[in-house]
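Engineer: Structure: final11.cif, mmCIF, C-alpha atoms and all ligand atoms.
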```cif
data_entry
loop_
_atom_site.group_PDB
_atom_site.id
_atom_site.type_symbol
_atom_site.label_atom_id
_atom_site.label_comp_id
_atom_site.auth_asym_id
_atom_site.auth_seq_id
_atom_site.Cartn_x
_atom_site.Cartn_y
_atom_site.Cartn_z
ATOM 1 C CA MET A 1 -1.774 8.410 -21.122
ATOM 2 C CA HIS A 2 -0.761 5.246 -22.958
ATOM 3 C CA THR A 3 2.853 5.924 -22.088
ATOM 4 C CA CYS A 4 1.961 6.223 -18.402
ATOM 5 C CA ILE A 5 0.194 2.896 -18.378
ATOM 6 C CA MET A 6 3.136 1.222 -20.082
ATOM 7 C CA ALA A 7 5.583 2.834 -17.698
ATOM 8 C CA SER A 8 3.548 1.596 -14.807
ATOM 9 C CA ARG A 9 3.539 -1.934 -16.182
ATOM 10 C CA ILE A 10 7.247 -1.922 -16.778
ATOM 11 C CA THR A 11 8.018 -0.635 -13.325
ATOM 12 C CA ARG A 12 5.688 -2.787 -11.336
ATOM 13 C CA GLY A 13 5.368 -5.928 -13.401
ATOM 14 C CA SER A 14 2.229 -7.971 -12.988
ATOM 15 C CA ASP A 15 1.251 -11.587 -13.143
ATOM 16 C CA THR A 16 -2.336 -10.811 -14.006
ATOM 17 C CA ASN A 17 -1.600 -8.488 -16.921
ATOM 18 C CA PRO A 18 0.636 -10.283 -19.427
ATOM 19 C CA ASP A 19 3.346 -7.979 -20.673
ATOM 20 C CA PRO A 20 2.218 -6.777 -24.125
ATOM 21 C CA ARG A 21 5.699 -5.783 -25.293
ATOM 22 C CA THR A 22 7.502 -7.634 -28.035
ATOM 23 C CA ALA A 23 11.050 -8.911 -27.663
ATOM 24 C CA ALA A 24 12.275 -5.907 -29.658
ATOM 25 C CA ASP A 25 10.415 -3.560 -27.344
ATOM 26 C CA VAL A 26 12.069 -5.179 -24.396
ATOM 27 C CA ARG A 27 15.505 -4.854 -25.963
ATOM 28 C CA ASP A 28 14.980 -1.232 -26.838
ATOM 29 C CA SER A 29 13.334 -0.134 -23.642
ATOM 30 C CA HIS A 30 14.803 0.499 -20.227
ATOM 31 C CA VAL A 31 13.390 -2.756 -18.986
ATOM 32 C CA MET A 32 16.797 -4.186 -18.165
ATOM 33 C CA GLU A 33 17.226 -1.387 -15.659
ATOM 34 C CA ALA A 34 13.745 -1.787 -14.221
ATOM 35 C CA PRO A 35 13.281 -3.346 -10.798
ATOM 36 C CA GLU A 36 12.375 -7.013 -10.567
ATOM 37 C CA PRO A 37 8.644 -7.655 -10.872
ATOM 38 C CA ASP A 38 7.180 -8.027 -7.391
ATOM 39 C CA ARG A 39 5.903 -11.523 -8.130
ATOM 40 C CA PHE A 40 2.556 -10.808 -6.535
ATOM 41 C CA HIS A 41 0.026 -13.613 -6.814
ATOM 42 C CA PRO A 42 -3.609 -13.021 -5.870
ATOM 43 C CA SER A 43 -4.813 -15.461 -3.206
ATOM 44 C CA ALA A 44 -8.536 -15.703 -3.969
ATOM 45 C CA ASP A 45 -8.391 -19.067 -5.752
ATOM 46 C CA GLU A 46 -6.394 -20.684 -2.943
ATOM 47 C CA LEU A 47 -8.737 -19.175 -0.397
ATOM 48 C CA LEU A 48 -11.698 -20.708 -2.194
ATOM 49 C CA GLU A 49 -10.010 -24.100 -2.019
ATOM 50 C CA ALA A 50 -9.517 -23.613 1.713
ATOM 51 C CA ASN A 51 -13.145 -22.645 2.001
ATOM 52 C CA ALA A 52 -14.196 -25.904 0.368
ATOM 53 C CA ASP A 53 -12.367 -27.773 3.178
ATOM 54 C CA PHE A 54 -14.035 -25.514 5.730
ATOM 55 C CA VAL A 55 -17.460 -26.225 4.273
ATOM 56 C CA ALA A 56 -16.780 -29.979 4.415
ATOM 57 C CA GLU A 57 -16.285 -29.732 8.190
ATOM 58 C CA PHE A 58 -18.791 -26.956 8.888
ATOM 59 C CA ALA A 59 -20.709 -27.541 12.106
ATOM 60 C CA ASP A 60 -21.859 -24.047 13.129
ATOM 61 C CA ALA A 61 -25.217 -23.877 11.384
ATOM 62 C CA ASP A 62 -27.014 -23.488 14.699
ATOM 63 C CA LEU A 63 -25.095 -20.427 15.901
ATOM 64 C CA GLY A 64 -27.267 -17.426 16.682
ATOM 65 C CA VAL A 65 -26.474 -13.918 15.490
ATOM 66 C CA ALA A 66 -25.930 -12.482 18.990
ATOM 67 C CA PRO A 67 -22.426 -13.177 20.429
ATOM 68 C CA THR A 68 -22.762 -15.733 23.236
ATOM 69 C CA ARG A 69 -20.191 -14.011 25.485
ATOM 70 C CA ARG A 70 -21.992 -10.729 24.915
ATOM 71 C CA LEU A 71 -18.584 -9.319 24.053
ATOM 72 C CA ALA A 72 -17.283 -6.897 21.429
ATOM 73 C CA VAL A 73 -13.552 -6.709 20.663
ATOM 74 C CA VAL A 74 -12.044 -3.676 18.909
ATOM 75 C CA ALA A 75 -8.590 -4.459 17.532
ATOM 76 C CA CYS A 76 -5.967 -3.336 15.041
ATOM 77 C CA MET A 77 -6.106 -5.061 11.670
ATOM 78 C CA ASP A 78 -2.483 -6.235 12.068
ATOM 79 C CA SER A 79 -1.979 -9.601 10.364
ATOM 80 C CA ARG A 80 -0.029 -10.959 13.333
ATOM 81 C CA MET A 81 -3.066 -10.829 15.575
ATOM 82 C CA ASP A 82 -5.444 -13.769 15.325
ATOM 83 C CA MET A 83 -8.000 -12.414 17.764
ATOM 84 C CA PHE A 84 -9.810 -15.708 18.217
ATOM 85 C CA ARG A 85 -6.606 -17.518 19.191
ATOM 86 C CA ILE A 86 -5.142 -14.665 21.255
ATOM 87 C CA LEU A 87 -8.282 -14.483 23.377
ATOM 88 C CA GLY A 88 -9.289 -18.140 23.248
ATOM 89 C CA LEU A 89 -12.557 -17.285 21.552
ATOM 90 C CA ALA A 90 -14.756 -19.654 19.568
ATOM 91 C CA HIS A 91 -17.092 -18.954 16.672
ATOM 92 C CA GLY A 92 -20.169 -17.073 17.729
ATOM 93 C CA GLU A 93 -18.758 -15.738 20.996
ATOM 94 C CA ALA A 94 -17.814 -12.148 20.152
ATOM 95 C CA HIS A 95 -18.022 -9.339 17.653
ATOM 96 C CA ILE A 96 -14.581 -8.486 16.282
ATOM 97 C CA ILE A 97 -14.350 -4.922 14.964
ATOM 98 C CA ARG A 98 -11.054 -4.057 13.291
ATOM 99 C CA ASN A 99 -9.339 -1.180 11.556
ATOM 100 C CA ALA A 100 -5.814 0.246 11.242
ATOM 101 C CA GLY A 101 -4.771 0.826 14.843
ATOM 102 C CA GLY A 102 -7.974 -0.411 16.473
ATOM 103 C CA VAL A 103 -8.914 3.263 16.669
ATOM 104 C CA ILE A 104 -12.290 4.345 18.048
ATOM 105 C CA THR A 105 -13.581 6.094 14.948
ATOM 106 C CA ASP A 106 -17.167 7.094 14.177
ATOM 107 C CA ASP A 107 -17.558 3.879 12.240
ATOM 108 C CA VAL A 108 -16.365 1.774 15.179
ATOM 109 C CA ILE A 109 -18.861 3.596 17.381
ATOM 110 C CA ARG A 110 -21.530 2.788 14.793
ATOM 111 C CA SER A 111 -20.675 -0.906 15.059
ATOM 112 C CA LEU A 112 -20.512 -0.850 18.857
ATOM 113 C CA CYS A 113 -23.838 0.964 19.065
ATOM 114 C CA LEU A 114 -25.453 -1.699 16.903
ATOM 115 C CA SER A 115 -23.673 -4.439 18.856
ATOM 116 C CA GLN A 116 -25.047 -3.197 22.172
ATOM 117 C CA ARG A 117 -28.529 -2.114 21.129
ATOM 118 C CA PHE A 118 -29.528 -4.934 18.821
ATOM 119 C CA LEU A 119 -27.211 -7.810 19.596
ATOM 120 C CA ASP A 120 -27.036 -7.425 23.344
ATOM 121 C CA THR A 121 -23.297 -7.130 23.986
ATOM 122 C CA ARG A 122 -22.286 -5.622 27.336
ATOM 123 C CA GLU A 123 -18.490 -5.844 27.410
ATOM 124 C CA ILE A 124 -15.838 -4.178 25.226
ATOM 125 C CA ILE A 125 -12.188 -5.229 24.950
ATOM 126 C CA LEU A 126 -9.684 -3.026 23.105
ATOM 127 C CA VAL A 127 -6.532 -4.583 21.677
ATOM 128 C CA HIS A 128 -3.767 -2.416 20.224
ATOM 129 C CA HIS A 129 -0.226 -3.730 19.888
ATOM 130 C CA THR A 130 3.511 -3.096 19.802
ATOM 131 C CA ASP A 131 5.249 -2.436 16.466
ATOM 132 C CA CYS A 132 2.081 -1.030 14.887
ATOM 133 C CA GLY A 133 2.295 0.394 11.370
ATOM 134 C CA LEU A 134 0.696 3.603 12.647
ATOM 135 C CA GLN A 135 3.769 4.253 14.828
ATOM 136 C CA LYS A 136 5.899 4.491 11.720
ATOM 137 C CA VAL A 137 4.241 7.351 9.858
ATOM 138 C CA GLY A 138 3.502 10.941 10.843
ATOM 139 C CA GLU A 139 0.016 12.374 10.426
ATOM 140 C CA ASP A 140 1.154 15.638 8.797
ATOM 141 C CA GLU A 141 3.771 14.169 6.474
ATOM 142 C CA PHE A 142 1.329 11.450 5.384
ATOM 143 C CA LYS A 143 -1.285 14.032 4.453
ATOM 144 C CA ALA A 144 1.230 16.309 2.747
ATOM 145 C CA GLU A 145 2.578 13.402 0.713
ATOM 146 C CA LEU A 146 -0.874 12.385 -0.448
ATOM 147 C CA GLU A 147 -1.767 15.950 -1.354
ATOM 148 C CA ALA A 148 1.442 16.355 -3.358
ATOM 149 C CA GLU A 149 0.941 13.026 -5.099
ATOM 150 C CA ILE A 150 -2.767 12.969 -5.903
ATOM 151 C CA GLY A 151 -3.828 16.560 -5.375
ATOM 152 C CA VAL A 152 -6.170 16.083 -2.464
ATOM 153 C CA LYS A 153 -5.598 15.868 1.263
ATOM 154 C CA PRO A 154 -7.514 13.063 3.023
ATOM 155 C CA TRP A 155 -10.520 14.304 4.955
ATOM 156 C CA TRP A 156 -9.996 11.588 7.531
ATOM 157 C CA ALA A 157 -7.417 11.332 10.261
ATOM 158 C CA LEU A 158 -4.684 8.729 9.938
ATOM 159 C CA GLU A 159 -4.626 8.468 13.750
ATOM 160 C CA SER A 160 -0.924 7.771 13.924
ATOM 161 C CA PHE A 161 0.658 7.537 17.378
ATOM 162 C CA THR A 162 3.963 6.896 19.100
ATOM 163 C CA ASP A 163 3.015 5.053 22.297
ATOM 164 C CA PRO A 164 0.585 2.112 22.011
ATOM 165 C CA TYR A 165 -0.315 2.400 25.700
ATOM 166 C CA GLY A 166 -1.200 6.071 25.281
ATOM 167 C CA ASP A 167 -3.180 5.162 22.189
ATOM 168 C CA VAL A 168 -5.265 2.617 24.119
ATOM 169 C CA ARG A 169 -5.900 5.279 26.763
ATOM 170 C CA GLN A 170 -7.103 7.629 24.039
ATOM 171 C CA SER A 171 -9.487 4.961 22.760
ATOM 172 C CA LEU A 172 -10.792 4.221 26.269
ATOM 173 C CA GLN A 173 -11.480 7.916 26.762
ATOM 174 C CA ARG A 174 -13.369 8.151 23.489
ATOM 175 C CA LEU A 175 -15.574 5.246 24.547
ATOM 176 C CA TRP A 176 -16.252 6.916 27.866
ATOM 177 C CA MET A 177 -17.196 10.147 26.116
ATOM 178 C CA THR A 178 -19.490 8.869 23.373
ATOM 179 C CA PRO A 179 -23.211 8.866 24.153
ATOM 180 C CA PHE A 180 -23.825 6.100 21.616
ATOM 181 C CA VAL A 181 -22.050 3.397 23.583
ATOM 182 C CA VAL A 182 -24.451 3.136 26.494
ATOM 183 C CA TYR A 183 -23.038 0.197 28.438
ATOM 184 C CA LYS A 184 -19.659 1.281 29.795
ATOM 185 C CA GLU A 185 -19.337 -0.827 32.965
ATOM 186 C CA HIS A 186 -17.118 -3.468 31.372
ATOM 187 C CA ILE A 187 -14.590 -1.790 29.112
ATOM 188 C CA ARG A 188 -10.917 -2.799 29.274
ATOM 189 C CA GLY A 189 -7.947 -2.008 27.088
ATOM 190 C CA PHE A 190 -4.790 -3.970 26.278
ATOM 191 C CA VAL A 191 -1.546 -3.795 24.337
ATOM 192 C CA TYR A 192 -0.591 -7.057 22.619
ATOM 193 C CA ASP A 193 3.139 -7.703 22.494
ATOM 194 C CA VAL A 194 3.873 -9.087 19.020
ATOM 195 C CA THR A 195 7.164 -10.573 20.243
ATOM 196 C CA ASP A 196 5.705 -12.934 22.848
ATOM 197 C CA GLY A 197 1.929 -12.963 22.386
ATOM 198 C CA ARG A 198 1.169 -11.479 25.801
ATOM 199 C CA LEU A 199 -1.568 -8.937 26.545
ATOM 200 C CA HIS A 200 -0.712 -6.028 28.849
ATOM 201 C CA GLU A 201 -3.621 -4.202 30.412
ATOM 202 C CA VAL A 202 -3.773 -0.421 30.167
ATOM 203 C CA GLY A 203 -5.321 1.623 32.951
ATOM 204 C CA LEU A 204 -7.037 4.920 32.232
ATOM 205 C CA ALA A 205 -4.737 6.789 34.613
ATOM 206 C CA GLY A 206 -1.651 5.459 32.823
HETATM 207 ZN ZN ZN B 301 -1.462 -2.059 14.215
#
```
Taking this structure as input, can you express it in the form of C-alpha cells?
Structural biologist:
Amino acid sequence: MHTCIMASRITRGSDTNPDPRTAADVRDSHVMEAPEPDRFHPSADELLEANADFVAEFADADLGVAPTRRLAVVACMDSRMDMFRILGLAHGEAHIIRNAGGVITDDVIRSLCLSQRFLDTREIILVHHTDCGLQKVGEDEFKAELEAEIGVKPWWALESFTDPYGDVRQSLQRLWMTPFVVYKEHIRGFVYDVTDGRLHEVGLAG
C-alpha cells in the first residue's frame, strides 16, 4: 500500500504534498524517468481574494430569491460558456442549472420542478454547444474502462452524443415528456458555437 502511494506521488507530483523522498531516494529511484509534475496549483486562496473585491462592491442585497425574468436556463458546464454574458443576464434574473452536457437528468428535472412550483419560473432555455467533451467519449467504452479500472460500472448514464443539435432535441423531448415540469409553453433549445459565440436555435422537428 505504501509503495502505491509513493508511486502515485512520484508519477503525479504535487505542490500540496511535499515530496518526502531524500536526495538519495531520488537518485536511486526512477524519478528521472518520471513525467514532469503537472504544476497544479489550487485556486481557492486567489478566489477568496477576488471575493473580497466582490464584497467591497456588492450592491445586490435587495435581490429576491425568485428570478425576475421568471426564467430557468439549463446549460452544459463547459468553462467557455459564461451564461450571464452569453445571454445578457444580470444577477437575480434567472436560474442557471448546469451539468456535463446540459442533459435533462432526473436531478435537472428536480431543479426545474422546484424552480416552477416555488420560485415561479415559466420559461426554460436549453444551451448545449459545439466541441462538447461528451462528443469525445463513447458511453460503452467509458463504462467498460471504469469497470476494468475500479471494479464497478457506473449506475448512471454518461449521456455522450455525437450531434449537439440532436442532443438538444433529445433534451427538449424529455422536457415535453416529464410530468414534473408543468409549464411547457415557453421552452426553447440552442446550440452555442464556441468558435464565434453565436446561439443557433434547434427546432423539435430537426
Ligand atoms: Zn459540454
Engineer: Can you spell out as JSON, numbers by chain the set of residues that the PyMOL selection byres (((chain A and resi 188) around 10) and not hetatm) selects in the structure I just provided?
Structural biologist: {"A": [73, 123, 124, 125, 126, 127, 168, 169, 172, 184, 185, 186, 187, 189, 190, 201, 202, 203, 204]}
Engineer: How would you report the residues lying within 10 Å of ligand ZN 301 (chain B), as a list of chain:residue names, if you count all atoms listed in the file?
Structural biologist: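 The residues within 10 Å of ligand ZN 301 (chain B), counting all atoms listed in the file, are A:Ala75, A:Cys76, A:Met77, A:Asp78, A:Ser79, A:Arg80, A:Met81, A:Arg98, A:Asn99, A:Ala100, A:Gly101, A:Gly102, A:Val103, A:Val127, A:His128, A:His129, A:Thr130, A:Asp131, A:Cys132, A:Gly133, A:Leu134, A:Gln135, A:Ser160, A:Pro164, A:Tyr192.
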Engineer: Please save C-alpha atoms of the selected residues as a PDB file, in the coordinates of the input.
Structural biologist:
```
ATOM      1  CA  ALA A  75      -8.590  -4.459  17.532  1.00  0.00           C
ATOM      2  CA  CYS A  76      -5.967  -3.336  15.041  1.00  0.00           C
ATOM      3  CA  MET A  77      -6.106  -5.061  11.670  1.00  0.00           C
ATOM      4  CA  ASP A  78      -2.483  -6.235  12.068  1.00  0.00           C
ATOM      5  CA  SER A  79      -1.979  -9.601  10.364  1.00  0.00           C
ATOM      6  CA  ARG A  80      -0.029 -10.959  13.333  1.00  0.00           C
ATOM      7  CA  MET A  81      -3.066 -10.829  15.575  1.00  0.00           C
ATOM      8  CA  ARG A  98     -11.054  -4.057  13.291  1.00  0.00           C
ATOM      9  CA  ASN A  99      -9.339  -1.180  11.556  1.00  0.00           C
ATOM     10  CA  ALA A 100      -5.814   0.246  11.242  1.00  0.00           C
ATOM     11  CA  GLY A 101      -4.771   0.826  14.843  1.00  0.00           C
ATOM     12  CA  GLY A 102      -7.974  -0.411  16.473  1.00  0.00           C
ATOM     13  CA  VAL A 103      -8.914   3.263  16.669  1.00  0.00           C
ATOM     14  CA  VAL A 127      -6.532  -4.583  21.677  1.00  0.00           C
ATOM     15  CA  HIS A 128      -3.767  -2.416  20.224  1.00  0.00           C
ATOM     16  CA  HIS A 129      -0.226  -3.730  19.888  1.00  0.00           C
ATOM     17  CA  THR A 130       3.511  -3.096  19.802  1.00  0.00           C
ATOM     18  CA  ASP A 131       5.249  -2.436  16.466  1.00  0.00           C
ATOM     19  CA  CYS A 132       2.081  -1.030  14.887  1.00  0.00           C
ATOM     20  CA  GLY A 133       2.295   0.394  11.370  1.00  0.00           C
ATOM     21  CA  LEU A 134       0.696   3.603  12.647  1.00  0.00           C
ATOM     22  CA  GLN A 135       3.769   4.253  14.828  1.00  0.00           C
ATOM     23  CA  SER A 160      -0.924   7.771  13.924  1.00  0.00           C
ATOM     24  CA  PRO A 164       0.585   2.112  22.011  1.00  0.00           C
ATOM     25  CA  TYR A 192      -0.591  -7.057  22.619  1.00  0.00           C
TER      26      TYR A 192
END
```
Engineer: Measuring atom to atom with only C-alpha atoms, identify which of A:Glu139, A:Asp60, A:Val181, A:Pro37 is nearest to A:Leu114.
Structural biologist: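 Residue with the minimum atom-to-atom distance to A:Leu114: A:Val181.
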Engineer: Between atom CA of A:Leu89 and atom CA of A:Asp193, what distance in Å does the model show, to one decimal?
Structural biologist: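 Rounded to one decimal, the two atoms are 18.4 Å apart.
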Engineer: Neighbourhood query: residues within 12 Å of (-19.0, 2.9, 14.0), file coordinates, counting only C-alpha atoms; return as a PyMOL selection string.
Structural biologist: chain A and resi 74+97-99+102-116+175+178+180-181
Engineer: Could you tell me how far atom CA of A:Leu71 lies from atom CA of A:Thr121, in Å and to one decimal?
Structural biologist: 5.2 Å
Engineer: For A:Gly138, please output as number ranges by chain all residues within 12 Å (counting all atoms listed in the file; exclusion window: fewer than 6 positions along the same chain).
Structural biologist: A: 144-145, 157-162
Engineer: Suppose you want the space between atom CA of A:His95 and atom CA of A:Pro42; what is it in Å?
Structural biologist: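 A separation of 27.8 Å between them.
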Engineer: Compare A:Asp120, A:Asp82, A:Asp53, A:Glu46 by their minimum atom-to-atom distance to A:Val65, counting all atoms listed in the file, and give me the closest one.
Structural biologist: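 Once distances to A:Val65 are computed over all atoms listed in the file, the minimum belongs to A:Asp120.
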